[in-house]
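Q: Pasting in a structure now, in structure tokens, and then I'll have a few things to ask.
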Number of protein chains: 4
Amino acid sequence: MLTKNRLEAFSDGVFAIAITLLVIEIRPPELEGGESLAHGLWEQWPHYLGYFLSFLILGVMWLNHHRILEPARRVDGIVLVLNLNLLLWAVLIPFPTAVVADFLRDGGADAETAVALYGGVILMAAIGFTALFVGITRVGIVDELPPPEVVRAARIRFGLGVGVYSIAFALSWLSPAVALAAHGTMAAYYLTAQSSRLDSASPPG
Amino acid sequence: MLTKNRLEAFSDGVFAIAITLLVIEIRPPELEGGESLAHGLWEQWPHYLGYFLSFLILGVMWLNHHRILEPARRVDGIVLVLNLNLLLWAVLIPFPTAVVADFLRDGGADAETAVALYGGVILMAAIGFTALFVGITRVGIVDELPPPEVVRAARIRFGLGVGVYSIAFALSWLSPAVALAAHGTMAAYYLTAQSSRLDSASPPG
Amino acid sequence: MLTKNRLEAFSDGVFAIAITLLVIEIRPPELEGGESLAHGLWEQWPHYLGYFLSFLILGVMWLNHHRILEPARRVDGIVLVLNLNLLLWAVLIPFPTAVVADFLRDGGADAETAVALYGGVILMAAIGFTALFVGITRVGIVDELPPPEVVRAARIRFGLGVGVYSIAFALSWLSPAVALAAHGTMAAYYLTAQSSRLDSASPPG
Amino acid sequence: MLTKNRLEAFSDGVFAIAITLLVIEIRPPELEGGESLAHGLWEQWPHYLGYFLSFLILGVMWLNHHRILEPARRVDGIVLVLNLNLLLWAVLIPFPTAVVADFLRDGGADAETAVALYGGVILMAAIGFTALFVGITRVGIVDELPPPEVVRAARIRFGLGVGVYSIAFALSWLSPAVALAAHGTMAAYYLTAQSSRLDSASPPG
């Protein structure tokens with residue numbers, strides 16, 4: 001039947017495609033009369049910002065996905081549905097990225113709406129990750145459940161993540177720029193945290 | 001030669017790409033004078049509906065594809081052609097999804113046509129699944145044919161599925177909304193059914 | 001270093017993506033005043049025709065690619081370059097497909113040009129296949145070279161294929177419709193031939 | 001945890017998608033009154049040039065990526081981050097390709113800017129490759145470090161590559177055509193060099 005390997009391979013493919021599709025939101029600029037290409041490219045900076053930020057976030061999601069699925073020894077129906085739910089939000093990310101790129105420079109209410117949409121999708125993905133983690137760390141799915149306090153600590157960590165993403169989401173209406181910076185900081189933090197975990201988890205021997 | 005593994009890997013890749021391409025049908029709204037982004041995003045709800053529905057349907061198709069190919073111990077020419085036929089309809093899904101998203105809100109004959117196109121492609125995929133199932137449960141392709149009554153029951157189940165999809169297709173001309181709801185219900189039902197099957201099929205030991 | 005498995009996996013991914021990208025050339029119709037969606041969809045028939053034809057051709061190419069690479073026991077630089085050349089033409093196929101879809105109905109010189117572009121890209125892919133086959137059936141690349149008369153027969157078969165594709169290419173200027181029909185016939189023929197080969201090549205035992 | 005195999009599979013997927021997405025930048029021409037399709041297609045030559053050049057460059061990158069990761073026996077956090085950085089620039093390539101295709105024929109400052117953007121992204125990827133190579137040839141990551149003089153020679157080779165790409169980048173402002181030719185020459189050189197390395201590295205036995 002559906003094995004964990006196959007679920008991971010399908011998810012890997014989806015993450016790889018979503019991260020690559022980000023580039024099709026960056027189009028050559030349409031220059032107005034007399035405008036130089038250099039100026040037109042410069043004016044598109046929100047598109048580059050969105051590309052970098054979403055690339056970072058999807059990269060971290062891909063990494064996190066492996067870490068979450070690692071202890072599972074089999075996949076049941078609940079894990080499958082929770083995984084599809086997570087992918088649904090991850091695949092959507094190029095859309096709010098494009099909205100932010102189009103409306104960030106306008107400022108005002110539209111910039112707030114754009115960043116809130118972005119933050120909302122990220123928040124749904126964070127909730128999806130938490131749900132998937134809870135679904136996997138049930139008895140019977142993992143080979144050997146880590147000590148309860150470890151699981152509890154991890155669930156708290158996920159809960160905290162959802163809390164911080166909720167704050168970043170709410171920040172959209174105070175300052176779109178600060179909200180985006182919060183998303184970038186979160187992604188950079190998770191990348192660093194996951195990376196150092198990699199270092200300790202793979203003994204050289 | 002072409003092994004079952006390779007056919008599955010190719011099909012998995014195609015499903016992963018098709019499900020991810022759904023997002024490129026959702027574009028940032030083009031606002032009319034004075035319209036807020038929030039309003040423009042709201043007006044695009046048929047696009048979000050189409051994305052969710054087609055994501056669900058393609059996810060279930062991917063799952064179903066594994067279940068159907070599972071008993072096969074080799075791939076012959078007929079299975080190969082039937083598999084390509086199924087993929088042809090699955091890959092097409094983003095197109096009717098975009099048509100529904102563009103014309104559902106107009107109501108009237110165009111909304112009916114859009115939903116009928118959607119239902120027609122899904123129906124062709126359902127027929128493709130039935131044909132693939134019949135093609136695989138022939139003597140010589142599967143390692144050990146299940147008892148005849150099990151195969152017959154499964155074929156009846158597939159036939160019923162085609163019947164229900166035909167009804168959903170016909171419903172398009174009565175009520176596009178009801179027809180879409182029927183598609184969503186079918187997909188949710190299959191997801192649940194497949195998921196619980198997963199639970200029973202993978203003993204923890 | 002680069003193994004045959006890795007070259008095949010990369011090529012499989014490229015074929016899977018190219019075949020799936022065909023769908024993004026089919027867009028919802030833009031209706032003119034008073035035009036019904038049904039009529040608008042109908043008018044797009046060259047897009048559906050192009051989709052079906054190119055899906056068939058890319059599916060056959062994917063299948064053929066496996067058959068050609070099957071006897072190779074390793075990949076050398078020449079095989080690598082010849083494989084990249086083949087992929088370059090295969091990936092390009094969605095472009096002439098879109099051109100045919102846009103200009104076939106206009107008839108006249110533009111329809112001829114469109115179909116000739118289509119046939120030209122297919123012809124280049126056929127030449128690429130022949131070159132890859134020759135590159136692989138050299139001493140040292142295959143485990144055990146088939147008897148010389150078998151290799152010669154296969155090379156003749158490839159040469160004949162290139163000849164027929166050249167004729168189909170030339171036909172574009174006589175009758176675009178006949179040229180497209182020739183391409184469809186060729187693809188259907190290869191699919192059937194490959195399929196029956198599958199049947200004989202995989203003994204059930 | 002994250003294994004080298006999984007990192008390679010994800011990277012392979014990303015390269016395969018990026019190389020295939022190049023085709024969506026080539027659109028059917030929009031003809032002006034009385035213009036023939038043949039003329040319209042001809043006028044698009046910068047798009048074909050960009051497609052061929054970027055296909056070649058991404059193909060070489062994919063090949064080079066394998067060669068660089070080959071000696072690694074495990075992946076640590078630094079390698080992971082450096083790999084994501086490299087993919088970020090590789091995935092971006094379809095964007096400057098489209099810009100070059102749109103602005104090369106205009107000549108003047110805009111053509112220079114377009115080619116400089118192209119060269120800048122390639123340069124960043126070359127720097128990313130060098131950084132990844134340095135990150136992998138650290139003690140503890142590779143099974144057995146090659147002799148120091150070999151590593152030093154390889155690092156010098158990478159440094160030279162960055163130097164040549166910097167020169168090609170600077171050439172954009174002297175002559176866009178010469179700069180593009182330099183990029184094509186570099187890619188062809190690397191393809192040849194990698195190919196012959198393949199030949200010597202895979203003993204037939």
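Chain labels A, B, ... are given in the sequence in which chains occur in the structure tokens; within each chain residues are numbered consecutively from 1, and ligands are likewise numbered from 1 in the order shown.
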Write out as a list in words each polymer residue whose atoms come within 10 Å of Ser195 of chain D, counting only C-alpha atoms; drop sequence neighbours fewer than 5 positions from it.

A: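 Close residues of Ser195 of chain D: Val75, Asp76, Gly77, Ile78, Val79, Leu80 and Val81 of chain C; Val60, Leu63, Tyr189, Tyr190, Ser200 and Ala201 of chain D.
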
Q: For chain C, list the residues within 8 Å of chain B, counting only C-alpha atoms, and write the list as a ChimeraX atom specification.

A: /C:12-13,16-17,19-20,23-24,26-28,36-38,52,55,59,63,66-67,70,191-192,194-199,201-202,204

Q: With N, CA, C and O atoms kept, could you save the residues just selected as a CSV table (one decimal), in the first residue's frame?

A:
```csv
chain,number,residue,atom,x,y,z
C,12,ASP,N,13.4,11.3,-16.8
C,12,ASP,CA,12.0,11.0,-16.4
C,12,ASP,C,11.3,12.2,-15.9
C,12,ASP,O,10.2,12.5,-16.2
C,13,GLY,N,12.1,12.9,-15.0
C,13,GLY,CA,11.5,14.2,-14.4
C,13,GLY,C,11.2,15.2,-15.5
C,13,GLY,O,10.1,15.8,-15.5
C,16,ALA,N,8.2,14.1,-17.5
C,16,ALA,CA,7.0,14.3,-16.7
C,16,ALA,C,6.5,15.7,-16.7
C,16,ALA,O,5.4,16.1,-16.8
C,17,ILE,N,7.5,16.6,-16.5
C,17,ILE,CA,7.2,18.1,-16.4
C,17,ILE,C,6.7,18.6,-17.8
C,17,ILE,O,5.7,19.3,-17.9
C,19,ILE,N,5.3,17.0,-20.3
C,19,ILE,CA,4.0,16.5,-20.6
C,19,ILE,C,2.9,17.2,-19.8
C,19,ILE,O,1.8,17.4,-20.3
C,20,THR,N,3.2,17.6,-18.6
C,20,THR,CA,2.3,18.3,-17.7
C,20,THR,C,2.1,19.7,-18.1
C,20,THR,O,1.0,20.3,-18.0
C,23,VAL,N,-0.7,21.5,-20.5
C,23,VAL,CA,-2.0,22.0,-20.1
C,23,VAL,C,-2.0,23.5,-20.0
C,23,VAL,O,-3.1,24.1,-20.2
C,24,ILE,N,-0.9,24.1,-19.6
C,24,ILE,CA,-1.0,25.6,-19.4
C,24,ILE,C,-1.1,26.3,-20.7
C,24,ILE,O,-1.3,27.5,-20.7
C,26,ILE,N,-3.6,25.7,-22.6
C,26,ILE,CA,-5.1,25.7,-22.9
C,26,ILE,C,-5.6,26.7,-21.8
C,26,ILE,O,-5.6,26.4,-20.6
C,27,ARG,N,-6.1,27.8,-22.3
C,27,ARG,CA,-6.6,28.8,-21.4
C,27,ARG,C,-8.1,28.9,-21.5
C,27,ARG,O,-8.7,28.6,-22.6
C,28,PRO,N,-8.8,29.4,-20.5
C,28,PRO,CA,-10.3,29.7,-20.6
C,28,PRO,C,-10.4,30.7,-21.8
C,28,PRO,O,-9.6,31.6,-21.9
C,36,SER,N,-21.5,32.6,-26.4
C,36,SER,CA,-21.6,31.7,-25.2
C,36,SER,C,-20.3,31.0,-25.0
C,36,SER,O,-19.5,30.8,-25.8
C,37,LEU,N,-20.2,30.5,-23.7
C,37,LEU,CA,-19.0,29.8,-23.3
C,37,LEU,C,-18.8,28.5,-24.1
C,37,LEU,O,-17.7,28.2,-24.5
C,38,ALA,N,-20.0,27.9,-24.3
C,38,ALA,CA,-19.9,26.6,-25.1
C,38,ALA,C,-19.3,26.9,-26.5
C,38,ALA,O,-18.5,26.1,-26.9
C,52,PHE,N,-3.7,16.7,-27.1
C,52,PHE,CA,-3.8,15.2,-27.3
C,52,PHE,C,-2.6,14.7,-28.1
C,52,PHE,O,-2.0,13.8,-27.7
C,55,PHE,N,0.7,15.2,-26.1
C,55,PHE,CA,0.7,14.3,-25.0
C,55,PHE,C,1.1,12.9,-25.4
C,55,PHE,O,1.9,12.2,-24.8
C,59,GLY,N,4.5,11.0,-24.5
C,59,GLY,CA,4.4,9.8,-23.8
C,59,GLY,C,5.2,8.7,-24.5
C,59,GLY,O,5.9,7.9,-23.9
C,63,LEU,N,8.6,6.6,-23.3
C,63,LEU,CA,8.7,5.1,-23.3
C,63,LEU,C,9.9,4.7,-24.2
C,63,LEU,O,10.6,3.8,-23.8
C,66,HIS,N,13.3,5.0,-22.4
C,66,HIS,CA,13.7,3.8,-21.6
C,66,HIS,C,14.2,2.7,-22.4
C,66,HIS,O,15.2,2.0,-22.0
C,67,ARG,N,13.6,2.4,-23.5
C,67,ARG,CA,14.0,1.3,-24.3
C,67,ARG,C,15.4,1.5,-24.8
C,67,ARG,O,16.2,0.5,-24.9
C,70,GLU,N,18.0,1.1,-22.0
C,70,GLU,CA,18.0,-0.1,-21.3
C,70,GLU,C,19.3,-0.9,-21.4
C,70,GLU,O,19.8,-1.3,-20.4
C,191,LEU,N,3.4,3.8,-30.2
C,191,LEU,CA,2.9,3.4,-29.0
C,191,LEU,C,2.5,1.9,-29.0
C,191,LEU,O,2.7,1.1,-28.1
C,192,THR,N,1.8,1.5,-30.1
C,192,THR,CA,1.4,0.1,-30.3
C,192,THR,C,2.6,-0.8,-30.3
C,192,THR,O,2.6,-1.9,-29.7
C,194,GLN,N,5.6,-0.3,-29.3
C,194,GLN,CA,6.3,-0.4,-28.0
C,194,GLN,C,5.5,-1.2,-27.0
C,194,GLN,O,6.1,-2.0,-26.2
C,195,SER,N,4.2,-1.1,-27.0
C,195,SER,CA,3.4,-1.8,-26.1
C,195,SER,C,3.5,-3.3,-26.3
C,195,SER,O,3.6,-4.1,-25.4
C,196,SER,N,3.4,-3.7,-27.6
C,196,SER,CA,3.5,-5.2,-27.8
C,196,SER,C,4.9,-5.7,-27.5
C,196,SER,O,5.0,-6.8,-27.0
C,197,ARG,N,5.9,-4.9,-27.7
C,197,ARG,CA,7.2,-5.3,-27.3
C,197,ARG,C,7.3,-5.5,-25.8
C,197,ARG,O,7.9,-6.4,-25.3
C,198,LEU,N,6.6,-4.6,-25.0
C,198,LEU,CA,6.5,-4.8,-23.6
C,198,LEU,C,6.0,-6.2,-23.2
C,198,LEU,O,6.5,-6.8,-22.4
C,199,ASP,N,4.9,-6.5,-24.0
C,199,ASP,CA,4.2,-7.8,-23.7
C,199,ASP,C,5.2,-8.9,-23.8
C,199,ASP,O,5.2,-9.9,-23.0
C,201,ALA,N,8.5,-8.8,-23.9
C,201,ALA,CA,9.8,-8.7,-23.3
C,201,ALA,C,9.7,-9.1,-21.8
C,201,ALA,O,10.7,-9.4,-21.2
C,202,SER,N,8.5,-9.1,-21.2
C,202,SER,CA,8.4,-9.3,-19.8
C,202,SER,C,7.7,-10.6,-19.6
C,202,SER,O,6.4,-10.6,-19.4
C,204,PRO,N,5.9,-13.6,-17.9
C,204,PRO,CA,5.1,-13.6,-16.6
C,204,PRO,C,5.9,-14.3,-15.5
C,204,PRO,O,5.6,-14.0,-14.3
```

Q: DSSP on the backbone, then: every residue of segment 63-195 of chain B marked alpha helix (DSSP H), written as number ranges by chain.

A: B: 63-69, 77-92, 94-103, 108-136, 148-171, 176-195

Q: What is the atom CA of Ile127 of chain D to atom CA of Lys4 of chain D distance in Å?

A: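 Atom-to-atom, atom CA of Ile127 of chain D to atom CA of Lys4 of chain D, that is 21.4 Å.
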
Q: With only C-alpha atoms as the counted atoms, please give the residues lying no more than 10 Å from Val134 of chain B, apart from itself and same-chain residues fewer than 3 positions off, as a PyMOL selection string.

A: chain B and resi 68+79+82+128-131+137-138+151+154-155+158
